[in-house]
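J.: Structure: upload28.cif, mmCIF, C-alpha atoms.
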```cif
data_model
#
loop_
_atom_site.label_atom_id
_atom_site.label_comp_id
_atom_site.auth_asym_id
_atom_site.auth_seq_id
_atom_site.Cartn_x
_atom_site.Cartn_y
_atom_site.Cartn_z
CA MET A 1366 59.92 205.44 61.33
CA LYS A 1367 56.85 207.46 60.33
CA ILE A 1368 56.65 209.69 57.28
CA THR A 1369 55.86 213.26 58.32
CA ALA A 1370 56.09 215.24 55.07
CA VAL A 1371 56.79 214.94 51.34
CA GLU A 1372 58.12 217.85 49.28
CA THR A 1373 59.41 218.70 45.81
CA VAL A 1374 62.46 220.87 45.10
CA GLY A 1375 62.97 222.34 41.63
CA VAL A 1376 66.35 223.44 40.23
CA ARG A 1377 66.60 225.52 37.05
CA VAL A 1378 68.77 224.05 34.30
CA ASN A 1379 68.10 225.14 30.69
CA ARG A 1380 65.61 225.22 27.84
CA ARG A 1381 65.74 221.41 27.61
CA GLY A 1382 64.20 221.04 31.05
CA ASN A 1383 64.83 221.49 34.75
CA TRP A 1384 65.62 219.04 37.56
CA LEU A 1385 62.96 218.12 40.08
CA PHE A 1386 63.93 216.43 43.34
CA VAL A 1387 61.66 214.81 45.92
CA ARG A 1388 62.28 214.57 49.67
CA ILE A 1389 60.50 212.40 52.22
CA HIS A 1390 60.84 213.53 55.85
CA THR A 1391 60.39 211.27 58.90
CA ASP A 1392 59.82 211.60 62.62
CA GLU A 1393 63.36 210.33 63.22
CA GLY A 1394 64.86 213.31 61.39
CA LEU A 1395 65.98 211.25 58.40
CA VAL A 1396 65.31 212.59 54.90
CA GLY A 1397 65.04 210.40 51.80
CA LEU A 1398 65.93 211.84 48.40
CA GLY A 1399 64.80 210.97 44.86
CA GLU A 1400 64.67 212.59 41.43
CA ALA A 1401 61.55 213.09 39.29
CA SER A 1402 62.96 215.09 36.38
CA HIS A 1403 61.74 214.91 32.76
CA SER A 1404 58.18 213.84 33.48
CA GLY A 1405 56.92 216.16 30.78
CA ASP A 1406 55.25 218.61 33.18
CA ASP A 1407 57.05 219.66 36.38
CA ARG A 1408 54.08 221.66 37.59
CA LEU A 1409 51.61 218.81 37.26
CA LEU A 1410 54.03 216.31 38.80
CA ALA A 1411 54.70 218.58 41.78
CA ALA A 1412 50.95 218.99 42.27
CA ALA A 1413 50.44 215.21 42.13
CA ILE A 1414 53.04 214.71 44.85
CA ARG A 1415 51.92 217.61 47.01
CA TYR A 1416 48.19 217.00 46.90
CA ARG A 1417 47.75 213.31 46.09
CA LEU A 1418 50.72 211.00 46.57
CA GLY A 1419 52.41 212.81 49.46
CA PRO A 1420 49.30 212.89 51.67
CA GLN A 1421 48.83 209.15 51.03
CA LEU A 1422 52.29 208.47 52.46
CA VAL A 1423 52.22 210.81 55.45
CA GLY A 1424 51.72 208.90 58.70
CA GLN A 1425 52.80 205.57 57.22
CA ASP A 1426 55.75 203.43 58.22
CA ALA A 1427 58.67 204.25 55.90
CA THR A 1428 60.31 200.88 56.51
CA ARG A 1429 57.56 199.07 54.57
CA VAL A 1430 59.00 199.93 51.16
CA ALA A 1431 57.41 197.04 49.27
CA ALA A 1432 53.95 197.76 50.66
CA LEU A 1433 54.20 201.51 50.08
CA SER A 1434 55.49 200.98 46.53
CA ARG A 1435 52.39 198.92 45.73
CA GLN A 1436 50.28 201.94 46.69
CA LEU A 1437 52.10 204.19 44.22
CA PRO A 1438 51.08 204.57 40.53
CA GLY A 1439 52.06 201.63 38.35
CA ALA A 1440 53.25 201.49 34.76
CA THR A 1441 49.74 201.88 33.34
CA ALA A 1442 49.25 205.20 35.14
CA GLY A 1443 51.26 207.05 32.50
CA HIS A 1444 54.67 208.64 32.24
CA LEU A 1445 54.12 211.53 34.64
CA LEU A 1446 52.70 209.57 37.56
CA ARG A 1447 55.19 206.75 37.05
CA THR A 1448 58.00 209.31 37.27
CA ALA A 1449 56.55 210.61 40.54
CA ALA A 1450 56.27 207.07 41.91
CA SER A 1451 59.87 206.34 40.89
CA ALA A 1452 61.21 209.31 42.82
CA LEU A 1453 59.23 208.39 45.93
CA GLU A 1454 60.47 204.78 45.78
CA GLN A 1455 64.05 206.03 45.46
CA ALA A 1456 63.58 208.20 48.54
CA LEU A 1457 62.08 205.33 50.56
CA TRP A 1458 65.08 203.07 49.93
CA GLY A 1459 67.40 205.94 50.84
CA LEU A 1460 65.58 206.38 54.15
CA ASN A 1461 65.94 202.71 54.98
CA GLY A 1462 69.60 202.70 54.11
CA GLN A 1463 70.14 205.62 56.48
CA ALA A 1464 68.11 203.95 59.23
CA LEU A 1465 70.20 200.78 58.98
CA GLY A 1466 73.50 202.55 58.36
CA VAL A 1467 74.12 200.90 54.98
CA PRO A 1468 74.24 202.11 51.35
CA ILE A 1469 71.27 201.29 49.16
CA HIS A 1470 73.26 198.79 47.10
CA ARG A 1471 73.48 196.53 50.15
CA PHE A 1472 69.78 195.73 49.76
CA TRP A 1473 70.65 193.97 46.49
CA GLY A 1474 73.70 192.07 47.67
CA GLY A 1475 76.36 194.75 47.69
CA PRO A 1476 78.56 196.05 44.90
CA LEU A 1477 80.04 193.92 42.13
CA ARG A 1478 82.21 196.89 41.17
CA GLN A 1479 83.60 199.90 42.99
CA ARG A 1480 83.38 202.35 40.08
CA ILE A 1481 80.69 202.94 37.47
CA ARG A 1482 81.87 203.66 33.93
CA LEU A 1483 80.19 206.64 32.28
CA TYR A 1484 79.73 208.04 28.82
CA ALA A 1485 79.09 211.73 28.29
CA ASN A 1486 75.81 212.67 26.61
CA ILE A 1487 76.86 215.92 24.93
CA ASN A 1488 73.57 216.51 23.13
CA ARG A 1489 71.83 218.78 25.63
CA ALA A 1490 74.91 220.95 26.03
CA THR A 1491 75.50 221.40 22.29
CA GLU A 1492 73.95 224.68 21.16
CA ASP A 1493 76.06 224.85 18.00
CA ARG A 1494 74.48 222.05 15.97
CA ARG A 1495 77.00 222.18 13.14
CA PRO A 1496 79.34 219.19 12.88
CA GLU A 1497 82.05 221.45 14.29
CA GLY A 1498 79.93 222.23 17.35
CA PHE A 1499 79.35 218.59 18.17
CA ALA A 1500 83.02 217.84 17.57
CA ALA A 1501 84.15 220.60 19.94
CA ASN A 1502 82.01 219.34 22.82
CA ALA A 1503 82.98 215.74 22.16
CA ARG A 1504 86.63 216.71 22.29
CA ALA A 1505 86.08 218.60 25.54
CA ALA A 1506 84.29 215.67 27.20
CA ILE A 1507 87.06 213.24 26.25
CA ALA A 1508 89.64 215.72 27.57
CA GLU A 1509 87.82 215.60 30.92
CA GLY A 1510 88.40 211.85 31.11
CA PHE A 1511 85.20 210.36 29.68
CA GLN A 1512 85.82 207.25 27.60
CA GLY A 1513 82.90 207.85 25.27
CA VAL A 1514 80.39 210.40 24.04
CA LYS A 1515 76.81 210.27 22.78
CA LEU A 1516 75.08 212.65 20.43
CA ALA A 1517 71.63 212.86 18.84
CA PRO A 1518 72.53 214.00 15.33
CA PHE A 1519 69.09 213.50 13.77
CA ASP A 1520 66.99 215.68 16.07
CA ASP A 1521 66.06 218.00 13.19
CA VAL A 1522 64.66 215.10 11.16
CA GLN A 1523 60.86 215.25 11.27
CA PRO A 1524 59.25 211.79 11.05
CA ARG A 1525 56.24 213.24 9.23
CA ASP A 1526 58.56 214.49 6.44
CA LEU A 1527 60.47 211.28 5.75
CA ASP A 1528 58.78 210.98 2.35
CA ARG A 1529 60.26 214.28 1.14
CA PRO A 1530 63.43 214.14 -0.97
CA GLU A 1531 65.07 217.00 0.95
CA THR A 1532 64.82 215.02 4.19
CA TRP A 1533 67.79 212.90 3.14
CA HIS A 1534 69.95 216.04 3.10
CA THR A 1535 69.03 216.52 6.77
CA ILE A 1536 69.90 212.90 7.47
CA GLU A 1537 73.24 213.32 5.67
CA LEU A 1538 73.96 216.31 7.91
CA GLY A 1539 73.39 214.01 10.89
CA VAL A 1540 75.83 211.51 9.45
CA GLU A 1541 78.41 214.27 8.99
CA ARG A 1542 77.96 215.27 12.63
CA VAL A 1543 78.82 211.75 13.70
CA ARG A 1544 81.84 211.59 11.42
CA ALA A 1545 83.07 214.89 12.82
CA VAL A 1546 82.77 213.57 16.37
CA ARG A 1547 84.73 210.43 15.50
CA ALA A 1548 87.46 212.52 13.93
CA ALA A 1549 87.57 214.74 17.01
CA VAL A 1550 87.79 211.98 19.65
CA GLY A 1551 90.05 209.55 17.82
CA PRO A 1552 89.70 205.80 17.27
CA ALA A 1553 89.89 204.68 20.90
CA ALA A 1554 86.90 206.60 22.30
CA LEU A 1555 83.39 205.20 22.27
CA VAL A 1556 80.90 207.00 20.00
CA LEU A 1557 77.20 206.41 20.62
CA VAL A 1558 74.35 207.72 18.47
CA ASP A 1559 70.77 208.32 19.63
CA CYS A 1560 68.24 208.59 16.79
CA HIS A 1561 65.35 209.54 19.11
CA SER A 1562 63.05 207.19 17.15
CA ARG A 1563 63.01 209.49 14.12
CA LEU A 1564 63.79 206.99 11.34
CA THR A 1565 62.05 204.20 9.48
CA PRO A 1566 63.63 200.73 9.42
CA ALA A 1567 64.79 201.24 5.82
CA ILE A 1568 66.35 204.64 6.49
CA ALA A 1569 67.84 203.42 9.77
CA ALA A 1570 69.43 200.49 7.95
CA ARG A 1571 70.93 202.87 5.41
CA VAL A 1572 72.23 205.14 8.17
CA ALA A 1573 73.77 202.13 9.91
CA ARG A 1574 75.60 201.20 6.71
CA GLU A 1575 76.82 204.77 6.23
CA LEU A 1576 78.12 204.86 9.80
CA ALA A 1577 79.79 201.44 9.72
CA PRO A 1578 83.28 202.98 9.17
CA VAL A 1579 82.76 205.16 12.26
CA GLU A 1580 82.57 201.97 14.38
CA LEU A 1581 79.76 203.07 16.68
CA PHE A 1582 79.47 201.54 20.13
CA TRP A 1583 75.71 201.50 19.67
CA LEU A 1584 72.82 202.94 17.66
CA GLU A 1585 70.00 203.95 20.00
CA ASP A 1586 66.28 204.02 19.20
CA PRO A 1587 66.69 204.06 15.42
CA VAL A 1588 62.92 203.53 15.14
CA PRO A 1589 60.14 203.87 17.73
CA HIS A 1590 60.89 201.39 20.49
CA ASP A 1591 57.34 200.06 20.51
CA LYS A 1592 57.78 198.94 16.88
CA MET A 1593 59.45 195.63 17.65
CA ASP A 1594 59.46 194.36 14.08
CA GLY A 1595 61.30 197.48 12.97
CA LEU A 1596 63.87 197.17 15.74
CA VAL A 1597 64.46 193.53 14.89
CA GLU A 1598 64.91 194.43 11.22
CA VAL A 1599 67.49 197.11 11.99
CA ARG A 1600 69.34 194.96 14.53
CA THR A 1601 69.56 192.02 12.12
CA GLY A 1602 71.49 194.05 9.56
CA ALA A 1603 73.48 196.37 11.82
CA GLU A 1604 77.18 195.99 12.59
CA MET A 1605 76.84 197.87 15.88
CA MET A 1606 74.76 197.15 18.98
CA ILE A 1607 71.18 198.41 19.11
CA ALA A 1608 70.02 200.06 22.35
CA SER A 1609 66.46 200.96 23.33
CA GLY A 1610 63.85 201.14 26.07
CA GLU A 1611 64.26 204.54 27.73
CA ARG A 1612 60.51 205.25 27.60
CA PHE A 1613 59.38 201.90 29.03
CA HIS A 1614 57.90 201.86 32.52
CA ASP A 1615 58.29 198.31 33.81
CA ARG A 1616 59.57 194.82 33.03
CA VAL A 1617 56.37 193.86 31.21
CA GLU A 1618 57.18 196.36 28.47
CA PHE A 1619 60.81 195.22 28.31
CA ARG A 1620 59.82 191.56 28.08
CA ASP A 1621 58.87 191.65 24.40
CA MET A 1622 62.05 193.53 23.52
CA ILE A 1623 64.09 190.82 25.22
CA VAL A 1624 62.20 187.82 23.84
CA GLU A 1625 62.02 189.22 20.30
CA ARG A 1626 65.74 190.02 20.48
CA ALA A 1627 64.98 193.53 19.31
CA ALA A 1628 67.89 195.13 21.19
CA ASP A 1629 71.34 194.22 22.45
CA VAL A 1630 71.22 196.79 25.24
CA LEU A 1631 68.26 197.80 27.43
CA MET A 1632 68.03 201.34 28.79
CA PRO A 1633 65.68 201.42 31.80
CA ASP A 1634 65.59 204.80 33.53
CA ILE A 1635 65.43 204.73 37.34
CA LYS A 1636 63.27 207.88 37.16
CA HIS A 1637 60.58 206.21 35.05
CA VAL A 1638 60.51 202.44 35.70
CA GLY A 1639 59.40 202.65 39.32
CA GLY A 1640 62.78 203.02 41.00
CA TYR A 1641 65.40 200.58 42.25
CA ALA A 1642 63.37 197.41 42.63
CA GLU A 1643 61.88 197.41 39.14
CA LEU A 1644 65.23 198.26 37.54
CA GLN A 1645 66.68 195.22 39.31
CA ARG A 1646 63.84 193.05 38.00
CA ILE A 1647 64.37 194.27 34.44
CA ALA A 1648 68.08 193.49 34.60
CA ALA A 1649 67.39 190.04 36.05
CA LEU A 1650 64.87 189.33 33.28
CA ALA A 1651 67.42 190.30 30.62
CA GLU A 1652 70.40 188.40 32.04
CA PRO A 1653 69.48 184.84 30.91
CA TRP A 1654 69.05 186.17 27.37
CA GLN A 1655 72.54 187.72 27.49
CA VAL A 1656 71.09 191.17 27.03
CA LEU A 1657 73.05 194.01 28.59
CA VAL A 1658 71.74 196.93 30.66
CA ALA A 1659 72.94 200.52 30.31
CA PRO A 1660 70.51 202.73 32.25
CA HIS A 1661 69.16 205.85 30.62
CA ASN A 1662 70.27 208.82 32.73
CA PRO A 1663 70.32 212.26 31.03
CA SER A 1664 69.43 213.52 34.49
CA GLY A 1665 70.52 215.52 37.48
CA PRO A 1666 72.98 214.49 40.19
CA VAL A 1667 70.38 212.75 42.37
CA ALA A 1668 69.27 210.34 39.63
CA ALA A 1669 72.93 209.79 38.77
CA ALA A 1670 73.67 208.86 42.40
CA ALA A 1671 70.66 206.54 42.46
CA SER A 1672 71.72 204.93 39.20
CA VAL A 1673 75.21 204.33 40.59
CA GLN A 1674 73.70 202.50 43.57
CA ALA A 1675 71.70 200.29 41.21
CA CYS A 1676 74.42 199.70 38.61
CA ALA A 1677 76.87 198.59 41.28
CA THR A 1678 74.91 195.35 41.74
CA LEU A 1679 73.89 194.44 38.16
CA THR A 1680 75.70 191.44 36.69
CA ASN A 1681 74.83 192.53 33.13
CA PHE A 1682 75.66 196.24 33.55
CA LEU A 1683 77.46 197.84 30.60
CA ILE A 1684 77.82 201.61 31.01
CA LEU A 1685 75.87 204.57 32.49
CA GLU A 1686 74.78 207.76 30.78
CA TYR A 1687 75.89 211.13 32.19
CA ALA A 1688 74.37 214.47 31.16
CA TRP A 1689 77.51 216.42 30.36
CA GLY A 1690 78.00 220.17 30.35
CA GLU A 1691 74.48 221.41 31.04
CA VAL A 1692 75.24 223.74 33.97
CA PRO A 1693 78.47 224.59 35.80
CA TYR A 1694 76.89 224.26 39.27
CA ARG A 1695 75.71 220.66 38.90
CA ALA A 1696 78.39 219.00 41.04
CA ASP A 1697 77.77 221.36 43.97
CA LEU A 1698 74.03 220.66 44.20
CA VAL A 1699 74.78 217.58 46.30
CA ASP A 1700 76.90 217.01 49.38
CA PRO A 1701 79.49 215.59 49.03
CA PRO A 1702 79.92 217.14 45.58
CA GLU A 1703 79.60 214.91 42.55
CA ARG A 1704 83.11 213.90 41.52
CA ILE A 1705 84.02 212.15 38.27
CA GLU A 1706 87.48 210.64 37.93
CA ASP A 1707 88.74 209.26 34.62
CA GLY A 1708 85.17 208.92 33.39
CA PHE A 1709 83.92 206.95 36.42
CA LEU A 1710 81.71 207.68 39.42
CA ALA A 1711 82.74 205.89 42.60
CA VAL A 1712 80.26 203.63 44.36
CA PRO A 1713 79.81 205.25 47.80
CA ASP A 1714 79.85 203.37 51.09
CA ARG A 1715 77.95 206.06 52.99
CA PRO A 1716 74.46 205.19 54.29
CA GLY A 1717 71.44 205.48 52.02
CA LEU A 1718 71.87 207.27 48.72
CA GLY A 1719 75.29 208.52 49.78
CA VAL A 1720 74.51 212.18 49.06
CA ARG A 1721 72.10 214.85 50.24
CA LEU A 1722 71.14 218.18 48.75
CA ASN A 1723 73.49 221.09 49.35
CA GLU A 1724 70.93 223.57 50.64
CA ALA A 1725 72.96 226.69 49.87
CA ALA A 1726 73.74 225.66 46.29
CA VAL A 1727 70.19 224.50 45.61
CA ALA A 1728 68.68 227.70 47.01
CA GLU A 1729 70.59 229.80 44.46
CA TYR A 1730 68.93 228.04 41.53
CA ALA A 1731 65.71 226.74 43.09
CA PHE A 1732 62.18 227.28 41.82
CA ASP A 1733 58.76 226.12 42.94
CA PRO A 1734 56.99 224.43 39.99
CA LEU A 1735 53.62 225.33 41.51
CA ALA A 1736 54.50 229.01 41.84
CA ASP A 1737 55.96 229.55 38.37
#
```
Output the file's structure in the form of structure tokens.

T.:
Amino acid sequence: MKITAVETVGVRVNRRGNWLFVRIHTDEGLVGLGEASHSGDDRLLAAAIRYRLGPQLVGQDATRVAALSRQLPGATAGHLLRTAASALEQALWGLNGQALGVPIHRFWGGPLRQRIRLYANINRATEDRRPEGFAANARAAIAEGFQGVKLAPFDDVQPRDLDRPETWHTIELGVERVRAVRAAVGPAALVLVDCHSRLTPAIAARVARELAPVELFWLEDPVPHDKMDGLVEVRTGAEMMIASGERFHDRVEFRDMIVERAADVLMPDIKHVGGYAELQRIAALAEPWQVLVAPHNPSGPVAAAASVQACATLTNFLILEYAWGEVPYRADLVDPPERIEDGFLAVPDRPGLGVRLNEAAVAEYAFDPLAD
């Protein structure tokens, strides 16, 4: 099965970023699909695939996934190239699943579960940043069947201004946003908070104490995730789980977080860690330490489908992120359409990824990153 072409497909979303999909074509007519969104520069990533990485793959045997993956940029190549490599690796596994007539999860032993539990990340969809705005979207997501919601209530906190007295008023506003969400969703729903690494250990510890009555499911990236001492300090005093790792690119980076016990939950992103195989290695590394895995996934429907394939096989899987409410046409971008029931995505038994792009739906919202 020879690779004949590699292409990128952009889909417009919103001011927070677009979705970028990658397709690998073969001489057998099979097409592998991956997602390379949120690299930081869609134009540069598309150029890297079109003019550098794609030509390297054309003419090669698509069944040699391990060998081809070793030719792709590694973790030290930087975020953008690692995102490109991750999408290409996803597409290669999808091709091989199609060729063998099996879903991707079969390559890692088959599913341990038939449904993947989701939480709704409402942050990107919340334009009204008042506590009432967050509460309204949280209430809407729970009404749709999600069992939990995540918000980033401290996004207007500027790390460079933490020494200013007025900054605490901004932090208090973030705390009020969280309280409003808890009041809106009731005591049974999960509430997760992402700090986007904007706090110091001391301020994060204070925030954790203030939010203790809210009974958070987890506090995510309270301090920069590469500051292990700070993470350990916050985790030691917190009453909720600490989650981190969304910006790491391979198991080497996660290793210190695991060994130092800096987080209860790891958040590898299949778009940035190299794809399926490295995500599996990260989870396997964490399991003996009783560290859970909840993949980062504020992404489009292709990355969500890929994450479902991976999460189905992880023994230490906890819950998967879902980017809620960004655009009304999301579900129709793939065929069969993305379908969430009671806050779960089903693990498909169709070959490969289990979905393909819906050409008509994609064409309506498509853009070429190299032409814009």

J.: Using all atoms listed in the file, pick whichever of A:Leu1457, A:Ala1642, A:Ile1635, A:Ala1627 has the shortest atom-to-atom distance to Val1673 of chain A.

T.: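 Among A:Leu1457, A:Ala1642, A:Ile1635, A:Ala1627, it is A:Ile1635 that comes nearest to Val1673 of chain A.
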
J.: Skipping near chain neighbours, those fewer than 6 positions away, what residues fall within 8 Å of segment 1538-1549 of chain A using only C-alpha atoms, listed as a ChimeraX atom specification?

T.: /A:1495-1497,1499-1501,1503-1504,1516,1518-1519,1556,1558,1572,1575-1576,1579

J.: Let me know the residues the PyMOL selection byres ((chain A and resi 1680-1683) around 10) catches in the file above, as a count of residues only.

T.: 26

J.: Apply the PyMOL selection byres ((chain A and resi 1419) around 12) to the displayed file and report the matching residues as a count of residues only.

T.: 33

J.: Tell me, as a compact mmCIF listing (two decimals) with C-alpha atoms, keeping the file's coordinate frame, which residues lie within 12 Å of Arg1571 of chain A, counting only C-alpha atoms; anything in the same chain fewer than 5 positions away does not count.

T.:
```txt
# COMPACT_ATOMS: atom_id res chain seq x y z
CA TRP A 1533 67.79 212.90 3.14
CA ILE A 1536 69.90 212.90 7.47
CA GLU A 1537 73.24 213.32 5.67
CA VAL A 1540 75.83 211.51 9.45
CA LEU A 1564 63.79 206.99 11.34
CA THR A 1565 62.05 204.20 9.48
CA PRO A 1566 63.63 200.73 9.42
CA LEU A 1576 78.12 204.86 9.80
CA ALA A 1577 79.79 201.44 9.72
CA PRO A 1587 66.69 204.06 15.42
CA GLU A 1598 64.91 194.43 11.22
CA VAL A 1599 67.49 197.11 11.99
CA GLY A 1602 71.49 194.05 9.56
CA ALA A 1603 73.48 196.37 11.82
CA GLU A 1604 77.18 195.99 12.59
```

J.: In Å to one decimal, how far is atom CA of Phe1613 of chain A from atom CA of Arg1704 of chain A?

T.: 29.4 Å

J.: I'd like the contact shell of Asp1406 of chain A - 12 Å cut-off, all atoms listed in the file, skipping same-chain residues fewer than 5 positions apart - returned as a list in words.

T.: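 That gives Gly1382, Asn1383, Trp1384, Leu1385, Ala1401, Ala1411, Ala1412, Ala1413, His1444, Leu1445, Leu1446, Thr1448, Ala1449, Pro1734 and Leu1735 of chain A.
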
J.: Neighbours of segment 1619-1625 of chain A within 9 Å (all atoms listed in the file; same-chain residues fewer than 2 positions away dropped), as a list in words?

T.: His1590, Asp1591, Met1593, Asp1594, Leu1596, Val1597, Ser1609, Gly1610, Phe1613, His1614, Asp1615, Arg1616, Val1617, Ala1627, Ala1628, Asp1629, Leu1631, Pro1633, Ile1647, Leu1650, Ala1651, Trp1654 and Val1656 of chain A

J.: Extract, using only C-alpha atoms, all DNA, RNA and protein residues at most 8 Å from Ala1688 of chain A, discarding same-chain residues fewer than 3 positions from it, and format them as a list in words.

T.: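 Counting only the stated atoms, we get Ala1485, Asn1486, Ile1487, Arg1489, Asn1662, Pro1663, Ser1664, Gly1665 and Glu1691 of chain A.
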
J.: Have a look at atom CA of Val1588 of chain A and atom CA of Ala1569 of chain A and let me know their distance in Å, one decimal.

T.: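 Pair atom CA of Val1588 of chain A / atom CA of Ala1569 of chain A returns 7.3 Å.
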
J.: When distances are computed from only C-alpha atoms, which of A:Asp1733, A:Glu1686, A:Asp1634, A:Asp1697 shows the smallest separation from Arg1377 of chain A?

T.: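 Nearest candidate to Arg1377 of chain A out of A:Asp1733, A:Glu1686, A:Asp1634, A:Asp1697: A:Asp1733.
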
J.: When distances are computed from only C-alpha atoms, which of A:Arg1563, A:His1661, A:Arg1646, A:His1470 shows the smallest separation from Lys1515 of chain A?

T.: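 Closest to Lys1515 of chain A of all the choices is A:His1661.
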
J.: Please give the centre and size of the box around segment 1686-1701 of chain A (axis-aligned, containing every atom listed in the file, 8 Å added per side), with values in Å to one decimal and written as AutoDock Vina command-line options.

T.:
```
--center_x 76.8 --center_y 216.2 --center_z 39.9 --size_x 21.5 --size_y 32.8 --size_z 35.0
```
